[in-house]
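Source file target27.csv; content: CSV, C-alpha atoms.
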chain,number,residue,atom,x,y,z
G,1,MET,CA,0.0,0.0,0.0
G,2,ALA,CA,1.4,3.4,-0.9
G,3,THR,CA,2.3,5.8,1.9
G,4,LYS,CA,0.1,8.9,2.1
G,5,PRO,CA,2.1,11.9,0.8
G,6,PRO,CA,3.0,14.6,3.4
G,7,PRO,CA,1.0,17.8,3.4
G,8,PRO,CA,2.0,20.3,0.7
G,9,SER,CA,2.8,22.9,3.3
G,10,ALA,CA,5.7,20.9,4.4
G,11,LEU,CA,6.9,20.2,0.8
G,12,SER,CA,6.5,23.4,-1.2
G,13,PRO,CA,8.7,22.1,-4.1
G,14,PHE,CA,6.4,19.1,-4.6
G,15,ILE,CA,2.9,19.1,-6.0
G,16,PHE,CA,1.6,15.5,-5.5
G,17,GLU,CA,-1.0,14.9,-8.2
G,18,PRO,CA,-2.0,12.2,-10.7
G,19,ILE,CA,0.1,11.7,-13.8
G,20,PRO,CA,-1.3,14.0,-16.6
G,21,ALA,CA,-3.2,11.9,-19.2
G,22,SER,CA,-0.9,13.0,-22.0
G,23,VAL,CA,2.2,12.2,-20.1
G,24,LYS,CA,0.9,8.8,-19.0
G,25,ALA,CA,-0.1,8.0,-22.7
G,26,HIS,CA,3.4,8.9,-23.8
G,27,PHE,CA,5.2,6.6,-21.3
G,28,ASP,CA,2.6,3.9,-21.7
G,29,GLY,CA,3.9,3.7,-25.3
G,30,ILE,CA,7.4,2.9,-24.0
G,31,PRO,CA,7.4,-0.7,-22.7
G,32,TRP,CA,10.4,-0.5,-20.3
G,33,THR,CA,8.9,2.5,-18.4
G,34,LYS,CA,6.0,0.4,-17.2
G,35,GLN,CA,8.0,-0.6,-14.1
G,36,TYR,CA,7.6,3.0,-12.9
G,37,ILE,CA,4.1,3.8,-14.2
G,38,SER,CA,2.5,0.8,-12.6
G,39,ASP,CA,4.4,0.8,-9.3
G,40,PRO,CA,1.8,1.5,-6.6
G,41,THR,CA,4.5,2.5,-4.0
G,42,LEU,CA,5.6,5.5,-6.1
G,43,GLN,CA,3.8,8.8,-5.5
G,44,PRO,CA,3.6,10.9,-8.7
G,45,TYR,CA,4.5,14.6,-8.3
G,46,THR,CA,5.3,17.7,-10.3
G,47,THR,CA,8.3,19.6,-9.2
G,48,ALA,CA,7.6,23.3,-8.9
G,49,SER,CA,10.5,24.2,-11.2
G,50,ARG,CA,8.7,22.6,-14.1
G,51,ILE,CA,5.7,25.0,-13.8
G,52,PRO,CA,5.9,28.4,-15.6
G,53,LYS,CA,5.2,31.2,-13.2
G,54,SER,CA,3.2,34.2,-14.4
G,55,GLY,CA,4.9,37.4,-13.4
G,56,SER,CA,8.1,35.7,-12.1
G,57,ARG,CA,11.5,35.2,-13.5
G,58,ALA,CA,12.1,32.0,-11.5
G,59,ASP,CA,12.5,28.5,-12.9
G,60,THR,CA,12.6,29.6,-16.5
G,61,PHE,CA,15.3,27.1,-17.4
G,62,CYS,CA,13.4,23.9,-16.5
G,63,ALA,CA,9.9,25.3,-17.0
G,64,ILE,CA,10.4,26.9,-20.4
G,65,THR,CA,13.8,26.2,-22.0
G,66,LEU,CA,13.7,22.5,-21.1
G,67,ASN,CA,10.0,22.1,-21.9
G,68,SER,CA,9.6,22.0,-25.6
G,69,LYS,CA,9.4,19.6,-28.6
G,70,ASP,CA,13.2,20.2,-29.2
G,71,THR,CA,14.4,19.6,-25.7
G,72,VAL,CA,12.5,17.6,-22.9
G,73,THR,CA,9.3,16.3,-24.5
G,74,ALA,CA,8.0,14.5,-21.4
G,75,TRP,CA,9.0,14.5,-17.7
G,76,GLN,CA,7.3,12.6,-14.9
G,77,SER,CA,8.6,12.4,-11.3
G,78,TRP,CA,7.7,10.1,-8.4
G,79,TRP,CA,8.6,10.1,-4.7
G,80,LYS,CA,9.4,6.8,-3.0
G,81,PRO,CA,9.1,7.4,0.8
G,82,ALA,CA,11.8,6.3,3.2
G,83,PRO,CA,11.4,2.6,4.2
G,84,THR,CA,9.5,1.7,7.4
G,85,PRO,CA,11.5,0.4,10.3
G,86,ASP,CA,10.2,-3.2,9.6
G,87,SER,CA,11.1,-3.3,5.9
G,88,LYS,CA,14.0,-5.0,4.3
G,89,GLU,CA,15.6,-1.6,3.5
G,90,ALA,CA,15.2,-0.2,7.0
G,91,ASP,CA,18.8,1.0,6.9
G,92,LYS,CA,17.8,3.7,4.4
G,93,LYS,CA,17.0,6.8,6.3
G,94,PHE,CA,15.7,9.0,3.5
G,95,GLY,CA,13.3,8.7,0.6
G,96,GLU,CA,14.1,8.7,-3.1
G,97,SER,CA,13.1,10.7,-6.2
G,98,ILE,CA,12.6,8.8,-9.5
G,99,ALA,CA,12.0,10.5,-12.8
G,100,LEU,CA,11.4,9.6,-16.4
G,101,LEU,CA,12.5,12.0,-19.1
G,102,SER,CA,12.1,11.8,-22.9
G,103,PHE,CA,14.1,14.2,-24.9
G,104,SER,CA,14.7,15.3,-28.5
G,105,SER,CA,17.8,16.2,-30.6
G,106,GLY,CA,17.8,19.8,-29.5
G,107,LEU,CA,20.0,18.7,-26.6
G,108,ASN,CA,22.8,17.3,-28.8
G,109,GLY,CA,26.5,17.8,-28.2
G,110,HIS,CA,28.1,15.3,-30.5
G,111,PRO,CA,25.9,14.2,-33.4
G,112,ASP,CA,22.8,12.3,-32.2
G,113,THR,CA,24.3,12.3,-28.7
G,114,ILE,CA,23.1,14.2,-25.7
G,115,HIS,CA,25.3,17.0,-24.3
G,116,GLY,CA,27.0,16.0,-21.1
G,117,GLY,CA,26.0,19.3,-19.6
G,118,PHE,CA,22.4,18.4,-19.8
G,119,LEU,CA,23.0,15.3,-17.7
G,120,GLY,CA,24.7,17.5,-15.2
G,121,VAL,CA,21.7,19.8,-15.1
G,122,ILE,CA,19.3,16.9,-14.6
G,123,LEU,CA,21.4,15.4,-11.8
G,124,ASP,CA,21.6,18.9,-10.1
G,125,GLU,CA,17.9,19.4,-10.5
G,126,LEU,CA,16.8,16.0,-9.3
G,127,ILE,CA,19.3,15.5,-6.5
G,128,GLY,CA,18.1,19.0,-5.5
G,129,ASN,CA,14.6,17.7,-5.4
G,130,ALA,CA,15.6,15.0,-2.9
G,131,ALA,CA,17.5,17.7,-0.9
G,132,GLU,CA,14.5,20.0,-1.0
G,133,TYR,CA,12.3,17.3,0.6
G,134,GLU,CA,14.6,17.3,3.6
G,135,ARG,CA,14.9,21.1,4.2
G,136,PRO,CA,12.8,23.2,6.5
G,137,HIS,CA,9.6,24.2,4.6
G,138,ASP,CA,10.2,27.9,5.0
G,139,LYS,CA,13.8,27.7,3.5
G,140,SER,CA,15.3,26.9,0.2
G,141,THR,CA,18.5,25.2,-1.0
G,142,MET,CA,21.4,26.1,-3.3
G,143,THR,CA,24.0,23.8,-4.9
G,144,ALA,CA,27.4,24.2,-3.3
G,145,TYR,CA,29.1,21.3,-5.1
G,146,LEU,CA,28.3,19.0,-7.9
G,147,LYS,CA,30.5,16.2,-9.3
G,148,VAL,CA,29.3,14.2,-12.4
G,149,ASP,CA,30.9,11.0,-13.7
G,150,TYR,CA,30.0,10.1,-17.3
G,151,LYS,CA,29.9,6.3,-17.9
G,152,ARG,CA,28.5,6.0,-21.5
G,153,PRO,CA,27.1,8.2,-24.2
G,154,VAL,CA,23.3,8.7,-24.5
G,155,ALA,CA,21.8,8.7,-28.0
G,156,THR,CA,19.1,11.2,-29.0
G,157,PRO,CA,16.1,11.1,-29.2
G,158,GLY,CA,15.4,8.8,-26.3
G,159,THR,CA,14.2,8.3,-22.7
G,160,LEU,CA,16.1,8.0,-19.4
G,161,ALA,CA,15.3,7.2,-15.8
G,162,VAL,CA,16.9,9.2,-13.0
G,163,ARG,CA,17.2,8.0,-9.4
G,164,THR,CA,18.3,10.5,-6.7
G,165,TRP,CA,18.4,10.4,-2.9
G,166,VAL,CA,19.9,12.1,0.1
G,167,GLU,CA,22.7,10.4,2.0
G,168,LYS,CA,23.3,12.8,5.0
G,169,VAL,CA,21.9,15.9,6.6
G,170,GLN,CA,24.1,17.9,8.9
G,171,GLY,CA,22.8,21.3,10.0
G,172,ARG,CA,22.4,23.4,6.9
G,173,LYS,CA,24.3,20.9,4.7
G,174,ILE,CA,22.5,18.2,2.7
G,175,TRP,CA,24.5,15.6,0.7
G,176,GLY,CA,22.9,13.6,-2.1
G,177,ARG,CA,23.6,11.3,-4.9
G,178,GLY,CA,22.0,10.2,-8.2
G,179,GLU,CA,22.3,8.0,-11.2
G,180,VAL,CA,21.0,8.3,-14.8
G,181,LEU,CA,19.8,5.0,-16.3
G,182,ASP,CA,19.0,3.9,-19.9
G,183,LYS,CA,16.3,1.5,-20.9
G,184,GLU,CA,18.4,-1.5,-20.1
G,185,GLY,CA,19.2,-0.2,-16.6
G,186,LYS,CA,22.8,0.6,-17.5
G,187,VAL,CA,24.2,3.6,-15.7
G,188,CYS,CA,25.0,6.4,-18.1
G,189,ALA,CA,26.1,9.0,-15.5
G,190,THR,CA,26.3,9.4,-11.7
G,191,GLY,CA,26.4,12.5,-9.6
G,192,GLU,CA,27.1,13.6,-6.1
G,193,ALA,CA,26.2,16.9,-4.7
G,194,LEU,CA,26.2,19.1,-1.6
G,195,PHE,CA,23.3,21.6,-1.1
G,196,ILE,CA,23.2,24.4,1.5
G,197,VAL,CA,19.9,25.4,3.2
G,198,VAL,CA,19.4,29.1,2.6
G,199,GLU,CA,16.8,31.8,3.0
G,200,ARG,CA,14.4,32.0,0.1
G,201,VAL,CA,15.9,34.0,-2.8
G,202,LYS,CA,14.1,37.2,-3.9
G,203,GLY,CA,14.4,38.3,-7.5
G,204,THR,CA,16.3,41.3,-8.5
G,205,ALA,CA,15.9,43.3,-11.8
G,206,SER,CA,18.8,43.2,-14.2
G,207,LYS,CA,20.6,46.5,-14.9
G,208,LEU,CA,22.2,45.3,-18.2
Starting from the coordinates I provided, produce the structure as structure tokens.
Amino acid sequence: MATKPPPPSALSPFIFEPIPASVKAHFDGIPWTKQYISDPTLQPYTTASRIPKSGSRADTFCAITLNSKDTVTAWQSWWKPAPTPDSKEADKKFGESIALLSFSSGLNGHPDTIHGGFLGVILDELIGNAAEYERPHDKSTMTAYLKVDYKRPVATPGTLAVRTWVEKVQGRKIWGRGEVLDKEGKVCATGEALFIVVERVKGTASKL
């Protein structure tokens, strides 16, 4: 039985909601993604950074630039809660974020090959999601450190799965890791990151 999601007030970056019909139809057409779509223990959510914000200059990279037919064509995230004390994975203290992303050739570096910088962005964003889950609800987080190891090239267009989780929280510091997986479950890239809990950032007008 799936664990009931925490209240939104405690998790402002997460909007727990059913998978949009168009997104579900997209991933239903990709056989290997069924393991995520049909898993009742996973709680579908939309990260706030994917939602365009009227009158705000925040989150434009993920919500607009990486949300088109030429870049990321479909994105669905899930939250897997931390195991209960009586489970086989009781040694895991934190939950896990899982995402599926389909992408087009507008993200190429080498011919028909995804740019490595995009994988870095996705690991930063999704390890950051896991870190955001653990922060105080009235604060925010910023990346202090990100290390990406590339294991194999990723062909475009295509679909990837991304798993991210927190490993340790110490005061204002949150350490996390993640991995990018192809349809065969092979690791294409891994990342480790340190996030710092900060006050919410207020926008400032550019003078350029």
Please provide as a list in words all residues within 12 Å of Lys186 in chain G, with the sequence filter that same-chain residues fewer than 3 positions apart are discarded (counting all atoms listed in the file). Tyr150, Lys151, Arg152, Pro153, Val154, Leu160, Ala161, Val162, Glu179, Val180, Leu181, Asp182, Lys183, Ala189 and Thr190 of chain G
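Note that the spacing between CA of Thr65 in chain G and CA of Gly116 in chain G amounts to 16.7 Å.
For the set G:Gly128, G:Pro40, G:Pro157, G:Pro81, the residue with the smallest atom-to-atom gap to Gly106 in chain G is G:Pro157, counting only C-alpha atoms.
Among the candidates G:Ser140, G:Thr156, G:Asn67, G:Thr73, the one nearest to Arg200 in chain G when counting all atoms listed in the file is G:Ser140.
Nearest to Gly29 in chain G of all the residues G:Asp70, G:Ser102, G:Arg50, G:Ile64 is G:Ser102, counting only C-alpha atoms.
Note that CA of Ser97 in chain G and CA of Thr84 in chain G are 16.7 Å apart.
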I need the residue nearest Glu167 in chain G from this list: G:Glu125, G:Asp28, G:Glu192, G:Asp39. Use only C-alpha atoms for the distance. G:Glu192
Quick one: everything within 12 Å of Gly95 in chain G, counting only C-alpha atoms, minus sequence neighbours fewer than 6 positions away in the same chain. Send it as a PyMOL selection string. chain G and resi 3+5+41-43+78-84+89+127+129-134+163-168+176-177
Selection: 9 Å around Trp32 in chain G, all atoms listed in the file, excl. self and same-chain fewer than 3 positions, as a compact mmCIF listing (two decimals) with C-alpha atoms, in the coordinates of the input:
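For reference, part-v6.txt as written:
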# COMPACT_ATOMS: atom_id res chain seq x y z
CA PHE G 27 5.20 6.60 -21.30
CA GLN G 35 8.00 -0.60 -14.10
CA TYR G 36 7.60 3.00 -12.90
CA LYS G 183 16.30 1.50 -20.90
CA GLU G 184 18.40 -1.50 -20.10
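The spacing separating CA of Ala63 in chain G from CA of Pro31 in chain G amounts to 26.7 Å.
Distances from G:Ser77, G:Ser105, G:Thr141, G:Thr46 to Phe14 in chain G were compared using only C-alpha atoms, and the smallest one belongs to G:Thr46.
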Would you kindly identify which residues have an atom no farther than 8 Å from (9.4, 15.9, -18.9), using only C-alpha atoms and the file's own coordinates, and write them out as a PyMOL selection string? chain G and resi 67+72-76+100-103
Could you tell me which of G:Gly158, G:Val187, G:Lys53, G:Met142 comes closest to Trp175 in chain G if we count all atoms listed in the file? G:Met142
